[in-house]
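Q: Here you go, structure-v5.cif (mmCIF, C-alpha atoms):
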data_coords
loop_
_atom_site.group_PDB
_atom_site.id
_atom_site.type_symbol
_atom_site.label_atom_id
_atom_site.label_comp_id
_atom_site.auth_asym_id
_atom_site.auth_seq_id
_atom_site.Cartn_x
_atom_site.Cartn_y
_atom_site.Cartn_z
ATOM 1 C CA MET F 22 -35.444 283.331 -50.470
ATOM 2 C CA MET F 23 -35.364 279.551 -50.929
ATOM 3 C CA ARG F 24 -32.193 279.914 -52.971
ATOM 4 C CA ARG F 25 -30.496 281.681 -50.044
ATOM 5 C CA PHE F 26 -31.295 278.755 -47.678
ATOM 6 C CA ILE F 27 -29.942 276.256 -50.183
ATOM 7 C CA ASP F 28 -26.735 278.287 -50.594
ATOM 8 C CA LEU F 29 -26.302 278.510 -46.819
ATOM 9 C CA GLY F 30 -26.903 274.765 -46.457
ATOM 10 C CA LEU F 31 -24.314 273.972 -49.121
ATOM 11 C CA ALA F 32 -21.787 276.320 -47.531
ATOM 12 C CA PHE F 33 -22.381 274.718 -44.131
ATOM 13 C CA GLY F 34 -22.036 271.211 -45.591
ATOM 14 C CA LEU F 35 -18.754 272.069 -47.314
ATOM 15 C CA ALA F 36 -17.381 273.647 -44.149
ATOM 16 C CA THR F 37 -18.322 270.503 -42.205
ATOM 17 C CA LEU F 38 -16.509 268.303 -44.722
ATOM 18 C CA LEU F 39 -13.387 270.425 -44.364
ATOM 19 C CA VAL F 40 -13.413 270.051 -40.585
ATOM 20 C CA ALA F 41 -14.369 266.325 -40.475
ATOM 21 C CA PRO F 42 -10.976 264.876 -41.519
ATOM 22 C CA VAL F 43 -9.255 266.690 -38.636
ATOM 23 C CA GLY F 44 -11.655 265.139 -36.128
ATOM 24 C CA ALA F 45 -11.364 261.740 -37.806
ATOM 25 C CA THR F 46 -7.569 261.666 -37.440
ATOM 26 C CA ALA F 47 -7.830 262.385 -33.713
ATOM 27 C CA ALA F 48 -10.113 259.370 -33.230
ATOM 28 C CA THR F 49 -8.097 256.775 -35.164
ATOM 29 C CA PRO F 50 -8.445 253.234 -33.879
ATOM 30 C CA ALA F 51 -5.604 251.570 -31.991
ATOM 31 C CA GLY F 52 -4.425 249.723 -35.121
ATOM 32 C CA ASP F 53 -1.507 252.123 -35.588
ATOM 33 C CA GLY F 54 0.666 251.829 -32.469
ATOM 34 C CA GLU F 55 2.174 255.297 -32.700
ATOM 35 C CA ALA F 56 -1.115 257.201 -33.088
ATOM 36 C CA ALA F 57 -2.815 255.236 -30.316
ATOM 37 C CA SER F 58 -0.004 255.812 -27.801
ATOM 38 C CA GLU F 59 -0.001 259.623 -28.112
ATOM 39 C CA PRO F 60 -3.282 260.273 -26.210
ATOM 40 C CA VAL F 61 -2.286 257.727 -23.550
ATOM 41 C CA ALA F 62 1.132 259.341 -23.184
ATOM 42 C CA MET F 63 -0.465 262.774 -22.834
ATOM 43 C CA ALA F 64 -2.846 261.477 -20.131
ATOM 44 C CA GLU F 65 0.075 259.895 -18.250
ATOM 45 C CA ALA F 66 2.112 263.106 -18.522
ATOM 46 C CA GLU F 67 -0.806 265.091 -17.100
ATOM 47 C CA ALA F 68 -1.190 262.566 -14.274
ATOM 48 C CA ASP F 69 2.541 262.812 -13.482
ATOM 49 C CA ASP F 70 2.211 266.570 -13.035
ATOM 50 C CA LEU F 71 -0.400 266.048 -10.308
ATOM 51 C CA VAL F 72 0.313 265.757 -6.597
ATOM 52 C CA PRO F 73 -2.214 264.741 -3.936
ATOM 53 C CA THR F 74 -3.513 267.382 -1.577
ATOM 54 C CA VAL F 75 -5.381 266.319 1.551
ATOM 55 C CA LYS F 76 -7.857 268.175 3.725
ATOM 56 C CA VAL F 77 -8.548 266.709 7.178
ATOM 57 C CA GLU F 78 -11.592 267.536 9.308
ATOM 58 C CA ILE F 79 -11.963 266.159 12.844
ATOM 59 C CA GLN F 80 -15.071 266.442 15.007
ATOM 60 C CA HIS F 81 -14.303 265.719 18.651
ATOM 61 C CA ARG F 82 -16.589 266.580 21.582
ATOM 62 C CA GLY F 83 -18.722 268.883 19.441
ATOM 63 C CA ALA F 84 -15.791 270.929 18.149
ATOM 64 C CA VAL F 85 -14.649 270.751 14.526
ATOM 65 C CA ILE F 86 -10.987 271.188 13.622
ATOM 66 C CA LYS F 87 -10.001 271.621 9.965
ATOM 67 C CA SER F 88 -6.651 271.585 8.265
ATOM 68 C CA GLY F 89 -5.793 273.479 5.129
ATOM 69 C CA GLN F 90 -4.924 271.734 1.866
ATOM 70 C CA GLU F 91 -1.774 269.781 2.727
ATOM 71 C CA ARG F 92 0.389 268.729 -0.231
ATOM 72 C CA LEU F 93 1.713 265.157 -0.110
ATOM 73 C CA ASP F 94 3.914 262.959 -2.268
ATOM 74 C CA TRP F 95 2.490 259.875 -3.983
ATOM 75 C CA GLY F 96 2.961 256.724 -1.883
ATOM 76 C CA GLU F 97 4.762 258.416 1.017
ATOM 77 C CA ALA F 98 3.247 258.708 4.489
ATOM 78 C CA SER F 99 2.943 262.276 5.793
ATOM 79 C CA ALA F 100 1.725 263.470 9.175
ATOM 80 C CA ILE F 101 -0.866 266.211 9.546
ATOM 81 C CA ARG F 102 -1.003 267.627 13.059
ATOM 82 C CA LEU F 103 -4.005 269.562 14.362
ATOM 83 C CA GLN F 104 -4.248 271.074 17.815
ATOM 84 C CA ARG F 105 -7.123 272.606 19.745
ATOM 85 C CA GLY F 106 -6.460 273.589 23.316
ATOM 86 C CA GLU F 107 -4.462 270.814 24.951
ATOM 87 C CA ARG F 108 -5.745 268.092 22.593
ATOM 88 C CA VAL F 109 -3.386 267.044 19.795
ATOM 89 C CA HIS F 110 -4.745 265.154 16.780
ATOM 90 C CA GLU F 111 -2.217 263.588 14.409
ATOM 91 C CA VAL F 112 -3.299 261.942 11.163
ATOM 92 C CA THR F 113 -0.691 260.111 9.091
ATOM 93 C CA VAL F 114 -1.803 259.694 5.478
ATOM 94 C CA ALA F 115 -0.302 257.861 2.492
ATOM 95 C CA VAL F 116 -2.009 258.249 -0.896
ATOM 96 C CA SER F 117 -1.248 256.206 -3.998
ATOM 97 C CA ARG F 118 -2.862 255.885 -7.404
ATOM 98 C CA LYS F 119 -4.684 252.727 -8.367
ATOM 99 C CA GLU F 120 -3.475 251.333 -11.678
ATOM 100 C CA GLY F 121 -1.838 254.650 -12.630
ATOM 101 C CA ASP F 122 -5.156 256.522 -12.710
ATOM 102 C CA ALA F 123 -5.104 259.793 -10.751
ATOM 103 C CA LYS F 124 -8.874 259.664 -10.125
ATOM 104 C CA LYS F 125 -8.912 256.259 -8.368
ATOM 105 C CA LEU F 126 -6.918 256.430 -5.168
ATOM 106 C CA HIS F 127 -5.771 254.090 -2.402
ATOM 107 C CA VAL F 128 -5.470 255.741 1.019
ATOM 108 C CA VAL F 129 -3.839 254.389 4.181
ATOM 109 C CA LEU F 130 -4.278 256.430 7.361
ATOM 110 C CA THR F 131 -3.328 256.272 11.019
ATOM 111 C CA TYR F 132 -4.936 258.501 13.653
ATOM 112 C CA GLU F 133 -3.568 259.377 17.078
ATOM 113 C CA LEU F 134 -5.250 261.467 19.767
ATOM 114 C CA ASP F 135 -2.854 262.906 22.356
ATOM 115 C CA GLY F 136 -0.219 260.333 21.377
ATOM 116 C CA GLU F 137 -2.618 257.391 21.834
ATOM 117 C CA LEU F 138 -3.313 255.262 18.770
ATOM 118 C CA VAL F 139 -7.016 255.348 17.800
ATOM 119 C CA ILE F 140 -6.946 254.051 14.191
ATOM 120 C CA ASP F 141 -4.013 251.920 13.019
ATOM 121 C CA GLU F 142 -3.274 251.758 9.279
ATOM 122 C CA TYR F 143 -6.835 251.828 7.986
ATOM 123 C CA ALA F 144 -6.742 251.319 4.189
ATOM 124 C CA TYR F 145 -9.518 252.097 1.728
ATOM 125 C CA ASP F 146 -10.092 252.899 -1.944
ATOM 126 C CA THR F 147 -11.742 256.139 -2.985
ATOM 127 C CA LYS F 148 -12.159 258.565 -5.848
ATOM 128 C CA ALA F 149 -10.537 261.974 -6.184
ATOM 129 C CA LYS F 150 -12.455 264.836 -4.540
ATOM 130 C CA LYS F 151 -14.690 262.434 -2.580
ATOM 131 C CA ARG F 152 -15.051 263.185 1.137
ATOM 132 C CA GLU F 153 -14.708 260.006 3.198
ATOM 133 C CA VAL F 154 -15.867 259.977 6.843
ATOM 134 C CA LEU F 155 -14.698 257.543 9.540
ATOM 135 C CA ARG F 156 -16.377 257.409 12.949
ATOM 136 C CA THR F 157 -14.920 255.837 16.083
ATOM 137 C CA ASP F 158 -15.187 256.378 19.862
ATOM 138 C CA GLY F 159 -16.762 259.845 19.748
ATOM 139 C CA VAL F 160 -14.478 261.082 16.973
ATOM 140 C CA ALA F 161 -15.472 261.699 13.352
ATOM 141 C CA LEU F 162 -12.610 261.992 10.900
ATOM 142 C CA ALA F 163 -13.260 263.277 7.351
ATOM 143 C CA LEU F 164 -10.612 263.102 4.661
ATOM 144 C CA THR F 165 -10.763 264.636 1.177
ATOM 145 C CA VAL F 166 -8.004 263.913 -1.355
ATOM 146 C CA VAL F 167 -7.704 266.105 -4.449
ATOM 147 C CA PRO F 168 -4.939 265.635 -7.045
ATOM 148 C CA ARG F 169 -3.746 269.086 -8.118
ATOM 149 C CA PRO F 170 -1.113 270.348 -10.548
ATOM 150 C CA PHE F 171 2.347 270.566 -9.037
ATOM 151 C CA ASP F 172 3.195 274.086 -7.874
ATOM 152 C CA ASP F 173 6.792 274.696 -6.866
ATOM 153 C CA GLY F 174 6.031 278.186 -5.575
ATOM 154 C CA GLY F 175 8.079 279.861 -8.323
ATOM 155 C CA PRO F 176 7.004 282.979 -10.172
ATOM 156 C CA LYS F 177 4.266 282.600 -12.738
ATOM 157 C CA GLY F 178 4.432 283.986 -16.238
ATOM 158 C CA ARG F 179 7.332 285.981 -17.577
ATOM 159 C CA PRO F 180 10.318 286.269 -15.229
ATOM 160 C CA ASP F 181 11.490 289.730 -14.238
ATOM 161 C CA LYS F 182 14.229 291.287 -16.314
ATOM 162 C CA ILE F 183 17.639 291.587 -14.738
ATOM 163 C CA GLU F 184 18.974 295.130 -14.789
ATOM 164 C CA PRO F 185 22.474 295.524 -16.229
ATOM 165 C CA PRO F 186 25.162 296.667 -13.793
ATOM 166 C CA VAL F 187 25.436 300.435 -13.431
ATOM 167 C CA ASP F 188 28.772 301.977 -14.436
ATOM 168 C CA VAL F 189 29.583 304.699 -11.901
ATOM 169 C CA ASP F 190 31.981 306.407 -14.339
ATOM 170 C CA ASP F 191 29.261 306.815 -16.977
ATOM 171 C CA PRO F 192 27.787 310.356 -16.809
ATOM 172 C CA LEU F 193 24.482 309.073 -18.266
ATOM 173 C CA ALA F 194 24.173 306.064 -15.939
ATOM 174 C CA GLY F 195 20.726 305.649 -14.466
ATOM 175 C CA LEU F 196 18.961 307.662 -17.172
#
Would you put the structure from the file into structure tokens?
A:
Amino acid sequence: MMRRFIDLGLAFGLATLLVAPVGATAATPAGDGEAASEPVAMAEAEADDLVPTVKVEIQHRGAVIKSGQERLDWGEASAIRLQRGERVHEVTVAVSRKEGDAKKLHVVLTYELDGELVIDEYAYDTKAKKREVLRTDGVALALTVVPRPFDDGGPKGRPDKIEPPVDVDDPLAGL
């Protein structure tokens, strides 16, 4: 019985030694420029595939108005328009990354109520997925920014096969 435990321990130890060099090469120090730049390049490539999506929530006179997830472009101002009854709320948002990191964000927003400027170019720093709330003159404005993978709306997975043209003179066409 004791011999079986020793054999299992040795087998486990040998298997660990076989796996250890693979893990050690992934964690090489930054002494070799090429090996150190690969993980950074992969992180930057993943960050480049992300686009900011913004969700706006406005509480005005006891009523809450919510937008869906609006996709924006990095660094470009985009207007999100919400309407309830005759009241028109327009929030202009520009989101940029701080220091190239997709999780630390810089947001600049402008808020208009019925065409009247309420908040003019308010800038703040935040983290991804964090809900920020601004309150002013009976209006509460909540903004959540989430970087998401870029989706161009194209088909996912394997594309459909294209059928060859049908020859009308072929007696077996269509079979």
Q: Using Å and a single decimal, report how far CA of Ala144 in chain F sits from CA of Val128 in chain F.
A: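 Interatomic distance here is 5.6 Å.
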Q: For Ile86 in chain F, which residue among F:Lys150, F:Val116, F:Pro73, F:Val160 is the nearest when counting only C-alpha atoms?
A: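 Of the candidates, the smallest distance to Ile86 in chain F is held by F:Val160.
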Q: Decode the PyMOL selection byres ((chain F and resi 143) around 12) for the given file into explicit residues and return them as a PyMOL selection string.
A: chain F and resi 112-116+127-132+138-142+144-146+155
Q: Point out the residue among F:Lys148, F:Arg156, F:Arg169, F:Arg105 with the least atom-to-atom distance to Lys119 in chain F, counting all atoms listed in the file.
A: F:Lys148
Q: Give me the residues near Leu164 in chain F as a ChimeraX atom specification, where near means some atom within 6 Å (using only C-alpha atoms) and where sequence neighbours in that chain fewer than 5 positions away do not count.
A: /F:76-77,152-153
Q: So, counting all atoms listed in the file, which residue among F:Ile101, F:Val72, F:Ile79, F:Ile27 is closest to Val166 in chain F?
A: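 Among the listed residues, the smallest separation from Val166 in chain F belongs to F:Val72.
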Q: Restricting the calculation to only C-alpha atoms: of F:Gly159, F:Gly96, F:Gly136, F:Pro186, which residue gets closest to Gly83 in chain F?
A: F:Gly159
Q: Can you work out the spacing between CA of Val75 in chain F and CA of Asp158 in chain F in Å, to one decimal?
A: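 These atoms are spaced 23.0 Å apart.
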Q: Please put the answer as JSON: centre and edge lengths, in Å with one decimal, of a box along x, y and z that encloses all listed atoms of range 162-170 of chain F plus 6 Å on each side.
A:
{"center_x": -7.2, "center_y": 266.2, "center_z": 0.2, "size_x": 24.1, "size_y": 20.4, "size_z": 33.4}
Q: Closest to Ala149 in chain F among F:Ala161, F:Val189, F:Leu134, F:Leu71, using all atoms listed in the file?
A: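 Among F:Ala161, F:Val189, F:Leu134, F:Leu71, it is F:Leu71 that comes nearest to Ala149 in chain F.
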Q: In terms of the shortest atom-to-atom distance over all atoms listed in the file, which of F:Pro168, F:Asp191, F:Lys151, F:Gly106 is closest to Glu91 in chain F?
A: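 Under the stated criterion, the closest residue is F:Pro168.
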Q: Distance CA of Arg118 in chain F-CA of Trp95 in chain F, one decimal place?
A: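 If I compute the distance from CA of Arg118 in chain F to CA of Trp95 in chain F, I get 7.5 Å.
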